[in-house]
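With PDB, C-alpha atoms, pLDDT in the B column inside, this is data-v7.pdb:
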```
MODEL        1
ATOM      1  CA  MET A   1      28.004  40.003 -17.816  1.00 64.00           C
ATOM      2  CA  LYS A   2      25.945  36.821 -18.125  1.00 76.00           C
ATOM      3  CA  ALA A   3      22.541  36.784 -16.421  1.00 81.00           C
ATOM      4  CA  PHE A   4      21.534  33.684 -14.466  1.00 87.00           C
ATOM      5  CA  GLN A   5      18.061  32.352 -15.098  1.00 87.00           C
ATOM      6  CA  LEU A   6      15.303  32.417 -12.457  1.00 91.00           C
ATOM      7  CA  GLN A   7      11.801  30.957 -12.467  1.00 90.00           C
ATOM      8  CA  ILE A   8       8.961  31.567 -10.038  1.00 91.00           C
ATOM      9  CA  LYS A   9       6.379  28.804 -10.130  1.00 91.00           C
ATOM     10  CA  SER A  10       3.901  26.932  -7.992  1.00 94.00           C
ATOM     11  CA  LEU A  11       5.477  24.317  -5.741  1.00 95.00           C
ATOM     12  CA  THR A  12       4.332  20.688  -5.930  1.00 94.00           C
ATOM     13  CA  ALA A  13       4.785  17.476  -3.946  1.00 95.00           C
ATOM     14  CA  GLU A  14       7.872  16.765  -6.083  1.00 94.00           C
ATOM     15  CA  ASP A  15       9.531  19.777  -4.440  1.00 95.00           C
ATOM     16  CA  LEU A  16       8.962  18.668  -0.826  1.00 96.00           C
ATOM     17  CA  SER A  17      12.558  17.579  -0.226  1.00 95.00           C
ATOM     18  CA  ALA A  18      13.908  20.899  -1.510  1.00 95.00           C
ATOM     19  CA  ILE A  19      11.272  22.793   0.494  1.00 97.00           C
ATOM     20  CA  LEU A  20      12.365  21.094   3.720  1.00 96.00           C
ATOM     21  CA  GLU A  21      16.040  21.825   2.970  1.00 95.00           C
ATOM     22  CA  LEU A  22      15.251  25.502   2.384  1.00 96.00           C
ATOM     23  CA  ASP A  23      13.119  25.652   5.537  1.00 95.00           C
ATOM     24  CA  GLN A  24      16.011  24.166   7.531  1.00 95.00           C
ATOM     25  CA  ALA A  25      18.525  26.625   6.056  1.00 95.00           C
ATOM     26  CA  CYS A  26      16.302  29.661   6.663  1.00 93.00           C
ATOM     27  CA  PHE A  27      14.345  28.806   9.804  1.00 90.00           C
ATOM     28  CA  GLY A  28      16.057  25.824  11.411  1.00 89.00           C
ATOM     29  CA  GLY A  29      13.087  23.561  10.720  1.00 88.00           C
ATOM     30  CA  LEU A  30      10.032  25.772  11.220  1.00 86.00           C
ATOM     31  CA  TRP A  31       7.497  23.559   9.447  1.00 92.00           C
ATOM     32  CA  THR A  32       7.364  19.758   9.111  1.00 94.00           C
ATOM     33  CA  LEU A  33       6.933  17.624   6.015  1.00 95.00           C
ATOM     34  CA  ASP A  34       3.275  17.072   6.941  1.00 95.00           C
ATOM     35  CA  ALA A  35       2.728  20.811   7.377  1.00 95.00           C
ATOM     36  CA  TYR A  36       4.068  21.575   3.904  1.00 96.00           C
ATOM     37  CA  GLN A  37       2.047  18.708   2.439  1.00 96.00           C
ATOM     38  CA  ARG A  38      -1.090  20.259   3.953  1.00 95.00           C
ATOM     39  CA  GLU A  39      -0.183  23.580   2.356  1.00 95.00           C
ATOM     40  CA  LEU A  40       0.225  21.916  -1.038  1.00 96.00           C
ATOM     41  CA  ASP A  41      -3.091  20.093  -0.654  1.00 96.00           C
ATOM     42  CA  SER A  42      -5.088  23.098   0.575  1.00 96.00           C
ATOM     43  CA  PRO A  43      -7.142  25.031  -2.009  1.00 95.00           C
ATOM     44  CA  ASN A  44      -6.738  28.110   0.215  1.00 96.00           C
ATOM     45  CA  SER A  45      -2.928  28.075   0.183  1.00 96.00           C
ATOM     46  CA  ASP A  46      -0.625  29.427  -2.533  1.00 96.00           C
ATOM     47  CA  LEU A  47       2.956  28.147  -2.200  1.00 96.00           C
ATOM     48  CA  ILE A  48       5.434  29.419  -4.779  1.00 96.00           C
ATOM     49  CA  GLY A  49       9.125  28.731  -5.303  1.00 95.00           C
ATOM     50  CA  LEU A  50      12.020  30.604  -6.847  1.00 94.00           C
ATOM     51  CA  PHE A  51      14.185  28.233  -8.901  1.00 93.00           C
ATOM     52  CA  SER A  52      17.455  28.451 -10.776  1.00 89.00           C
ATOM     53  CA  PRO A  53      18.340  25.476 -13.001  1.00 78.00           C
ATOM     54  CA  VAL A  54      22.031  26.411 -13.074  1.00 77.00           C
ATOM     55  CA  PHE A  55      22.704  26.236  -9.314  1.00 70.00           C
ATOM     56  CA  PRO A  56      23.067  23.122  -7.117  1.00 67.00           C
ATOM     57  CA  LEU A  57      20.484  24.624  -4.745  1.00 69.00           C
ATOM     58  CA  GLN A  58      17.719  24.806  -7.323  1.00 85.00           C
ATOM     59  CA  LEU A  59      15.076  26.098  -4.879  1.00 93.00           C
ATOM     60  CA  LEU A  60      16.524  29.446  -3.852  1.00 95.00           C
ATOM     61  CA  GLY A  61      13.434  30.905  -2.193  1.00 96.00           C
ATOM     62  CA  MET A  62       9.766  30.372  -1.458  1.00 97.00           C
ATOM     63  CA  GLY A  63       6.687  32.268  -0.380  1.00 96.00           C
ATOM     64  CA  CYS A  64       3.243  31.272   0.815  1.00 97.00           C
ATOM     65  CA  PHE A  65      -0.039  32.942   1.626  1.00 97.00           C
ATOM     66  CA  TRP A  66      -3.412  31.736   2.843  1.00 97.00           C
ATOM     67  CA  SER A  67      -6.600  33.076   1.272  1.00 97.00           C
ATOM     68  CA  ILE A  68      -8.836  33.907   4.246  1.00 96.00           C
ATOM     69  CA  LEU A  69     -12.093  35.468   3.044  1.00 95.00           C
ATOM     70  CA  ASP A  70     -10.795  38.473   1.052  1.00 96.00           C
ATOM     71  CA  GLU A  71      -7.347  38.552   2.672  1.00 97.00           C
ATOM     72  CA  ALA A  72      -3.960  37.159   1.653  1.00 98.00           C
ATOM     73  CA  HIS A  73      -2.214  36.224   4.885  1.00 97.00           C
ATOM     74  CA  ILE A  74       1.480  35.794   4.038  1.00 97.00           C
ATOM     75  CA  THR A  75       2.869  32.967   6.162  1.00 95.00           C
ATOM     76  CA  ILE A  76       6.295  32.293   4.601  1.00 94.00           C
ATOM     77  CA  MET A  77       8.885  34.471   2.875  1.00 95.00           C
ATOM     78  CA  ALA A  78      12.265  32.762   2.628  1.00 94.00           C
ATOM     79  CA  VAL A  79      15.406  33.200   0.535  1.00 95.00           C
ATOM     80  CA  HIS A  80      18.353  30.862   1.069  1.00 94.00           C
ATOM     81  CA  PRO A  81      21.069  32.648   3.106  1.00 93.00           C
ATOM     82  CA  GLN A  82      23.579  32.238   0.243  1.00 92.00           C
ATOM     83  CA  TYR A  83      21.325  34.246  -2.097  1.00 92.00           C
ATOM     84  CA  GLN A  84      19.986  37.004   0.146  1.00 92.00           C
ATOM     85  CA  ARG A  85      20.410  40.713  -0.652  1.00 92.00           C
ATOM     86  CA  GLN A  86      20.241  40.033  -4.393  1.00 94.00           C
ATOM     87  CA  GLY A  87      16.645  41.085  -5.094  1.00 94.00           C
ATOM     88  CA  LEU A  88      15.132  37.597  -4.817  1.00 95.00           C
ATOM     89  CA  GLY A  89      12.956  38.613  -1.871  1.00 94.00           C
ATOM     90  CA  GLN A  90      11.527  41.482  -3.911  1.00 94.00           C
ATOM     91  CA  ALA A  91      10.694  39.093  -6.758  1.00 94.00           C
ATOM     92  CA  LEU A  92       8.951  36.690  -4.373  1.00 95.00           C
ATOM     93  CA  LEU A  93       6.921  39.412  -2.647  1.00 96.00           C
ATOM     94  CA  TYR A  94       5.938  40.920  -5.995  1.00 94.00           C
ATOM     95  CA  SER A  95       4.758  37.500  -7.179  1.00 94.00           C
ATOM     96  CA  LEU A  96       2.754  36.850  -3.996  1.00 96.00           C
ATOM     97  CA  LEU A  97       1.019  40.221  -4.233  1.00 96.00           C
ATOM     98  CA  LYS A  98       0.325  39.842  -7.944  1.00 94.00           C
ATOM     99  CA  THR A  99      -1.158  36.379  -7.275  1.00 94.00           C
ATOM    100  CA  ALA A 100      -3.333  37.820  -4.491  1.00 96.00           C
ATOM    101  CA  PHE A 101      -4.498  40.585  -6.832  1.00 95.00           C
ATOM    102  CA  THR A 102      -5.265  38.076  -9.611  1.00 94.00           C
ATOM    103  CA  LYS A 103      -7.325  35.988  -7.165  1.00 95.00           C
ATOM    104  CA  GLY A 104      -9.438  39.046  -6.336  1.00 96.00           C
ATOM    105  CA  LEU A 105      -8.229  39.416  -2.741  1.00 97.00           C
ATOM    106  CA  GLU A 106      -8.654  42.829  -1.137  1.00 97.00           C
ATOM    107  CA  ARG A 107      -5.696  43.062   1.250  1.00 97.00           C
ATOM    108  CA  ALA A 108      -2.501  41.389   2.440  1.00 98.00           C
ATOM    109  CA  THR A 109      -1.222  40.905   5.994  1.00 97.00           C
ATOM    110  CA  LEU A 110       1.775  39.294   7.665  1.00 96.00           C
ATOM    111  CA  GLU A 111       3.748  39.117  10.892  1.00 95.00           C
ATOM    112  CA  VAL A 112       7.442  39.957  11.037  1.00 94.00           C
ATOM    113  CA  ARG A 113       9.982  39.955  13.871  1.00 90.00           C
ATOM    114  CA  ALA A 114      10.323  43.445  15.317  1.00 90.00           C
ATOM    115  CA  SER A 115      14.121  43.107  15.024  1.00 91.00           C
ATOM    116  CA  ASN A 116      14.104  42.076  11.337  1.00 90.00           C
ATOM    117  CA  LEU A 117      14.794  45.532   9.957  1.00 92.00           C
ATOM    118  CA  ALA A 118      15.758  44.295   6.471  1.00 90.00           C
ATOM    119  CA  ALA A 119      12.433  42.481   6.031  1.00 92.00           C
ATOM    120  CA  ILE A 120      10.473  45.422   7.451  1.00 95.00           C
ATOM    121  CA  SER A 121      12.211  47.752   4.990  1.00 94.00           C
ATOM    122  CA  LEU A 122      11.318  45.419   2.097  1.00 94.00           C
ATOM    123  CA  TYR A 123       7.648  45.286   3.106  1.00 96.00           C
ATOM    124  CA  GLN A 124       7.489  49.050   3.541  1.00 95.00           C
ATOM    125  CA  LYS A 125       8.968  49.496   0.053  1.00 93.00           C
ATOM    126  CA  PHE A 126       5.940  47.565  -1.231  1.00 95.00           C
ATOM    127  CA  GLY A 127       3.513  49.762   0.715  1.00 94.00           C
ATOM    128  CA  PHE A 128       2.913  47.749   3.892  1.00 97.00           C
ATOM    129  CA  LYS A 129       2.076  49.728   7.044  1.00 96.00           C
ATOM    130  CA  THR A 130       2.344  48.683  10.675  1.00 95.00           C
ATOM    131  CA  ALA A 131      -1.133  47.820  11.983  1.00 93.00           C
ATOM    132  CA  GLY A 132      -0.274  46.446  15.415  1.00 92.00           C
ATOM    133  CA  GLN A 133       1.978  44.228  17.493  1.00 91.00           C
ATOM    134  CA  ARG A 134       1.792  40.700  18.893  1.00 88.00           C
ATOM    135  CA  ARG A 135       3.627  40.460  22.210  1.00 89.00           C
ATOM    136  CA  ARG A 136       6.042  37.521  22.621  1.00 82.00           C
ATOM    137  CA  TYR A 137       4.769  36.014  19.349  1.00 81.00           C
ATOM    138  CA  TYR A 138       7.879  34.001  18.464  1.00 81.00           C
ATOM    139  CA  GLN A 139       8.259  30.904  20.613  1.00 73.00           C
ATOM    140  CA  ASP A 140      11.996  30.450  20.097  1.00 74.00           C
ATOM    141  CA  ASN A 141      12.968  33.671  21.892  1.00 77.00           C
ATOM    142  CA  GLY A 142       9.734  35.377  22.948  1.00 80.00           C
ATOM    143  CA  GLU A 143      10.275  38.239  20.492  1.00 86.00           C
ATOM    144  CA  ASP A 144       7.403  40.521  19.532  1.00 89.00           C
ATOM    145  CA  ALA A 145       5.931  40.487  16.025  1.00 92.00           C
ATOM    146  CA  LEU A 146       4.805  43.508  14.077  1.00 94.00           C
ATOM    147  CA  ILE A 147       1.544  43.082  12.160  1.00 96.00           C
ATOM    148  CA  LEU A 148       1.899  44.629   8.717  1.00 97.00           C
ATOM    149  CA  TRP A 149      -0.999  45.453   6.451  1.00 96.00           C
ATOM    150  CA  LEU A 150      -1.507  46.388   2.802  1.00 97.00           C
ATOM    151  CA  GLY A 151      -5.032  47.266   1.686  1.00 95.00           C
ATOM    152  CA  ASP A 152      -6.967  48.161  -1.456  1.00 94.00           C
ATOM    153  CA  LEU A 153      -5.392  45.481  -3.663  1.00 96.00           C
ATOM    154  CA  GLN A 154      -8.302  45.716  -6.103  1.00 96.00           C
ATOM    155  CA  LYS A 155      -8.153  49.506  -6.427  1.00 95.00           C
ATOM    156  CA  PRO A 156      -6.545  51.175  -9.474  1.00 94.00           C
ATOM    157  CA  GLN A 157      -3.869  52.655  -7.198  1.00 93.00           C
ATOM    158  CA  PHE A 158      -2.557  49.176  -6.412  1.00 94.00           C
ATOM    159  CA  GLN A 159      -2.392  48.254 -10.106  1.00 90.00           C
ATOM    160  CA  GLN A 160      -0.384  51.442 -10.619  1.00 92.00           C
ATOM    161  CA  ALA A 161       1.838  50.460  -7.683  1.00 91.00           C
ATOM    162  CA  LEU A 162       2.489  47.052  -9.272  1.00 90.00           C
ATOM    163  CA  ALA A 163       3.421  48.781 -12.539  1.00 89.00           C
ATOM    164  CA  HIS A 164       5.838  51.011 -10.598  1.00 90.00           C
ATOM    165  CA  LEU A 165       7.325  48.094  -8.633  1.00 91.00           C
ATOM    166  CA  SER A 166       7.906  45.912 -11.694  1.00 89.00           C
ATOM    167  CA  PRO A 167      10.921  47.779 -13.119  1.00 90.00           C
ATOM    168  CA  MET A 168      12.336  48.178  -9.598  1.00 91.00           C
ATOM    169  CA  VAL A 169      12.241  44.397  -9.126  1.00 92.00           C
ATOM    170  CA  LYS A 170      13.757  43.722 -12.550  1.00 91.00           C
ATOM    171  CA  ASN A 171      16.504  46.300 -12.052  1.00 92.00           C
ATOM    172  CA  ARG A 172      17.405  44.963  -8.610  1.00 93.00           C
ATOM    173  CA  LEU A 173      17.657  41.430  -9.989  1.00 94.00           C
ATOM    174  CA  SER A 174      19.787  42.536 -12.925  1.00 93.00           C
ATOM    175  CA  LEU A 175      22.271  44.233 -10.569  1.00 94.00           C
ATOM    176  CA  SER A 176      23.003  40.761  -9.197  1.00 93.00           C
ATOM    177  CA  SER A 177      22.980  39.157 -12.675  1.00 92.00           C
ATOM    178  CA  TRP A 178      19.547  37.497 -12.350  1.00 93.00           C
ATOM    179  CA  GLN A 179      16.819  37.355 -14.988  1.00 89.00           C
ATOM    180  CA  LEU A 180      13.352  35.851 -14.640  1.00 81.00           C
ATOM    181  CA  VAL A 181      12.419  33.581 -17.542  1.00 72.00           C
ATOM    182  CA  LEU A 182       9.339  31.621 -18.583  1.00 48.00           C
ATOM    183  CA  ASP A 183       9.539  27.836 -18.386  1.00 42.00           C
ATOM    184  CA  GLN A 184       8.015  26.619 -21.644  1.00 36.00           C
ATOM    185  CA  ALA A 185       6.997  23.340 -20.001  1.00 34.00           C
ATOM    186  CA  THR A 186       4.877  25.148 -17.428  1.00 35.00           C
ATOM    187  CA  SER A 187       1.680  27.056 -18.064  1.00 35.00           C
ATOM    188  CA  GLY A 188       1.954  30.815 -17.830  1.00 38.00           C
ATOM    189  CA  ARG A 189      -0.522  30.752 -14.942  1.00 38.00           C
ATOM    190  CA  ASP A 190       1.846  28.727 -12.777  1.00 42.00           C
ATOM    191  CA  THR A 191       5.067  30.513 -13.708  1.00 42.00           C
ATOM    192  CA  LEU A 192       6.042  34.143 -13.346  1.00 46.00           C
ATOM    193  CA  SER A 193       7.968  35.280 -16.385  1.00 40.00           C
ATOM    194  CA  VAL A 194      10.019  38.377 -17.004  1.00 36.00           C
ATOM    195  CA  GLY A 195       7.172  39.483 -19.278  1.00 36.00           C
ATOM    196  CA  GLU A 196       4.750  39.488 -16.364  1.00 43.00           C
ATOM    197  CA  LEU A 197       7.038  41.910 -14.563  1.00 47.00           C
ATOM    198  CA  ALA A 198       6.723  44.327 -17.463  1.00 38.00           C
TER     199      ALA A 198
ENDMDL
END
```
Represent the supplied structure as structure tokens.
Amino acid sequence: MKAFQLQIKSLTAEDLSAILELDQACFGGLWTLDAYQRELDSPNSDLIGLFSPVFPLQLLGMGCFWSILDEAHITIMAVHPQYQRQGLGQALLYSLLKTAFTKGLERATLEVRASNLAAISLYQKFGFKTAGQRRRYYQDNGEDALILWLGDLQKPQFQQALAHLSPMVKNRLSLSSWQLVLDQATSGRDTLSVGELA
């Protein structure tokens, strides 16, 4: 069976139109053009995209975190509805955590809807624990958010966890005929390759 190519790389201003389309498909227009432009311009924000050159929807997913002191605060995790449950979320989360580790950050946090059991399960698979709750956090329906937390990113145990997660991510992608590849036109620092998952 043929594997479809995937790339994870830093998003740029050239991707803004695709970013807004993905935001609309996943969140119904959560962030504005100006908000995403601020993320791209901010030195404290890492915004990455998951691309496939063989599909009409080239930007299949995206993730973002803010570097706040020694913490990676994950603000966006989105996979287009047509491509969910195929391992793309695992690849994005792995890339965000590896980027946070590379930047020397000590921990990662995020908020997630209390009803989003699939997302909670994904985060738990990567070692996140529930640290608290924000009452009526989501403005659209007043739903509570769970605060999830992952610490000790700079400890050897986390490096071992990344090594353990890498084959899991690759295997999950391959089950849905995906393969991460390195874009030769992009520096290795801005693109996650299949080699970096090894």
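What the PyMOL selection byres ((chain A and resi 122) around 12) grabs from this file is Met77, Arg85, Gly87, Leu88, Gly89, Gln90, Ala91, Leu92, Leu93, Tyr94, Val112, Asn116, Leu117, Ala118, Ala119, Ile120, Ser121, Tyr123, Gln124, Lys125, Phe126, Gly127, Phe128, Lys129, Leu148, Leu165 and Val169 of chain A.
Here atom CA of Ile8 of chain A and atom CA of Ile48 of chain A stand 6.7 Å from one another.
Excluding Ser174 of chain A itself and same-chain residues fewer than 3 positions from it, the residues having an atom within 9 Å of it are Ala3, Gln86, Gly87, Val169, Lys170, Asn171, Ser177, Trp178 and Gln179 of chain A, counting all atoms listed in the file.
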Would you save the residues of that selection, restricted to C-alpha atoms, as an mmCIF file, in the coordinates of the input?
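For reference, result_1.cif as written:
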```
data_model
loop_
_atom_site.group_PDB
_atom_site.id
_atom_site.type_symbol
_atom_site.label_atom_id
_atom_site.label_comp_id
_atom_site.auth_asym_id
_atom_site.auth_seq_id
_atom_site.Cartn_x
_atom_site.Cartn_y
_atom_site.Cartn_z
ATOM 1 C CA ALA A 3 22.541 36.784 -16.421
ATOM 2 C CA GLN A 86 20.241 40.033 -4.393
ATOM 3 C CA GLY A 87 16.645 41.085 -5.094
ATOM 4 C CA VAL A 169 12.241 44.397 -9.126
ATOM 5 C CA LYS A 170 13.757 43.722 -12.550
ATOM 6 C CA ASN A 171 16.504 46.300 -12.052
ATOM 7 C CA SER A 177 22.980 39.157 -12.675
ATOM 8 C CA TRP A 178 19.547 37.497 -12.350
ATOM 9 C CA GLN A 179 16.819 37.355 -14.988
#
```
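For the choices A:Met62, A:Leu175, A:Ile74, A:Leu96, the atom-to-atom distance to Cys26 of chain A is smallest for A:Met62 when using only C-alpha atoms.
Closest approach to Pro81 of chain A among A:Ala35, A:Leu6, A:Ala25, A:Met168 is made by A:Ala25 (distances from all atoms listed in the file).
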**Request:** Report as a VMD selection string the residues that result from applying the PyMOL selection byres ((chain A and resi 51) around 10) to the structure here.
**Result:** chain A and resid 5 to 9 48 to 50 52 to 55 57 to 62 180
Output C-alpha atoms of each residue in that selection to a file, as an mmCIF file, keeping the file's coordinate frame.
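Result file follows (out15.cif):
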```cif
data_model
loop_
_atom_site.group_PDB
_atom_site.id
_atom_site.type_symbol
_atom_site.label_atom_id
_atom_site.label_comp_id
_atom_site.auth_asym_id
_atom_site.auth_seq_id
_atom_site.Cartn_x
_atom_site.Cartn_y
_atom_site.Cartn_z
ATOM 1 C CA GLN A 5 18.061 32.352 -15.098
ATOM 2 C CA LEU A 6 15.303 32.417 -12.457
ATOM 3 C CA GLN A 7 11.801 30.957 -12.467
ATOM 4 C CA ILE A 8 8.961 31.567 -10.038
ATOM 5 C CA LYS A 9 6.379 28.804 -10.130
ATOM 6 C CA ILE A 48 5.434 29.419 -4.779
ATOM 7 C CA GLY A 49 9.125 28.731 -5.303
ATOM 8 C CA LEU A 50 12.020 30.604 -6.847
ATOM 9 C CA SER A 52 17.455 28.451 -10.776
ATOM 10 C CA PRO A 53 18.340 25.476 -13.001
ATOM 11 C CA VAL A 54 22.031 26.411 -13.074
ATOM 12 C CA PHE A 55 22.704 26.236 -9.314
ATOM 13 C CA LEU A 57 20.484 24.624 -4.745
ATOM 14 C CA GLN A 58 17.719 24.806 -7.323
ATOM 15 C CA LEU A 59 15.076 26.098 -4.879
ATOM 16 C CA LEU A 60 16.524 29.446 -3.852
ATOM 17 C CA GLY A 61 13.434 30.905 -2.193
ATOM 18 C CA MET A 62 9.766 30.372 -1.458
ATOM 19 C CA LEU A 180 13.352 35.851 -14.640
#
```
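As for atom CA of Ala163 of chain A and atom CA of Lys2 of chain A, they are spaced 26.1 Å apart.
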**Message:** Going by the chain IDs and residue numbers used in this file, which residues fall under the PyMOL selection byres ((chain A and resi 72) around 9)? Write them as an NGL selection string.
**Reply:** :A and (65-71 or 73-74 or 96-97 or 100 or 105-110)
**Asked** For the atom pair atom CA of Leu16 of chain A and atom CA of Cys64 of chain A, what is the interatomic distance in Å to one decimal place?
**Response** 13.9 Å
Enclose segment 54-70 of chain A, meaning all of its atoms listed in the file, in a box aligned along x, y and z, pad it by 4 Å on each side, and list the centre and edge lengths in Å to one decimal, as AutoDock Vina command-line options.
```
--center_x 5.5 --center_y 30.8 --center_z -4.4 --size_x 43.2 --size_y 23.4 --size_z 25.3
```
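Nearest residue to Ser95 of chain A among A:Leu40, A:Ala114, A:Ala78, A:Leu162 is A:Leu162, counting all atoms listed in the file.
Considering the residues A:Tyr36, A:Arg113, A:Leu20, A:Asp41 and counting all atoms listed in the file, Gly142 of chain A has its shortest atom-to-atom contact with A:Arg113.
Nearest residue to Gln84 of chain A, choosing from A:Leu173, A:Ile147, A:Ala131, A:Leu47 and counting only C-alpha atoms: A:Leu173.
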Please output segment 153-176 of chain A, rebuilt to include N, CA and C atoms, as a tab-separated table (two decimals), keeping the file's coordinate frame.
```
chain	number	residue	atom	x	y	z
A	153	LEU	N	-6.08	46.17	-2.57
A	153	LEU	CA	-5.39	45.48	-3.66
A	153	LEU	C	-6.18	45.54	-4.97
A	154	GLN	N	-7.49	45.70	-4.88
A	154	GLN	CA	-8.30	45.72	-6.10
A	154	GLN	C	-8.55	47.13	-6.63
A	155	LYS	N	-7.98	48.12	-5.98
A	155	LYS	CA	-8.15	49.51	-6.43
A	155	LYS	C	-7.14	49.85	-7.53
A	156	PRO	N	-7.48	50.79	-8.40
A	156	PRO	CA	-6.54	51.18	-9.47
A	156	PRO	C	-5.18	51.61	-8.96
A	157	GLN	N	-5.15	52.20	-7.74
A	157	GLN	CA	-3.87	52.66	-7.20
A	157	GLN	C	-2.90	51.48	-7.00
A	158	PHE	N	-3.44	50.31	-6.62
A	158	PHE	CA	-2.56	49.18	-6.41
A	158	PHE	C	-2.03	48.66	-7.75
A	159	GLN	N	-2.86	48.66	-8.78
A	159	GLN	CA	-2.39	48.25	-10.11
A	159	GLN	C	-1.27	49.19	-10.57
A	160	GLN	N	-1.43	50.48	-10.27
A	160	GLN	CA	-0.38	51.44	-10.62
A	160	GLN	C	0.88	51.16	-9.80
A	161	ALA	N	0.69	50.78	-8.53
A	161	ALA	CA	1.84	50.46	-7.68
A	161	ALA	C	2.59	49.25	-8.23
A	162	LEU	N	1.85	48.22	-8.68
A	162	LEU	CA	2.49	47.05	-9.27
A	162	LEU	C	3.30	47.45	-10.51
A	163	ALA	N	2.72	48.32	-11.33
A	163	ALA	CA	3.42	48.78	-12.54
A	163	ALA	C	4.69	49.54	-12.17
A	164	HIS	N	4.65	50.27	-11.06
A	164	HIS	CA	5.84	51.01	-10.60
A	164	HIS	C	6.89	50.07	-10.01
A	165	LEU	N	6.40	49.02	-9.29
A	165	LEU	CA	7.32	48.09	-8.63
A	165	LEU	C	8.03	47.17	-9.62
A	166	SER	N	7.36	46.87	-10.74
A	166	SER	CA	7.91	45.91	-11.69
A	166	SER	C	9.32	46.26	-12.17
A	167	PRO	N	9.55	47.47	-12.68
A	167	PRO	CA	10.92	47.78	-13.12
A	167	PRO	C	11.91	47.81	-11.96
A	168	MET	N	11.44	48.19	-10.76
A	168	MET	CA	12.34	48.18	-9.60
A	168	MET	C	12.82	46.76	-9.32
A	169	VAL	N	11.88	45.79	-9.38
A	169	VAL	CA	12.24	44.40	-9.13
A	169	VAL	C	13.21	43.90	-10.20
A	170	LYS	N	12.89	44.17	-11.45
A	170	LYS	CA	13.76	43.72	-12.55
A	170	LYS	C	15.15	44.33	-12.46
A	171	ASN	N	15.21	45.63	-12.14
A	171	ASN	CA	16.50	46.30	-12.05
A	171	ASN	C	17.33	45.75	-10.89
A	172	ARG	N	16.66	45.50	-9.76
A	172	ARG	CA	17.40	44.96	-8.61
A	172	ARG	C	17.96	43.58	-8.92
A	173	LEU	N	17.18	42.75	-9.60
A	173	LEU	CA	17.66	41.43	-9.99
A	173	LEU	C	18.84	41.54	-10.95
A	174	SER	N	18.73	42.43	-11.91
A	174	SER	CA	19.79	42.54	-12.92
A	174	SER	C	21.10	43.00	-12.31
A	175	LEU	N	21.05	43.80	-11.24
A	175	LEU	CA	22.27	44.23	-10.57
A	175	LEU	C	23.06	43.05	-10.02
A	176	SER	N	22.35	41.97	-9.70
A	176	SER	CA	23.00	40.76	-9.20
A	176	SER	C	23.06	39.66	-10.26
```
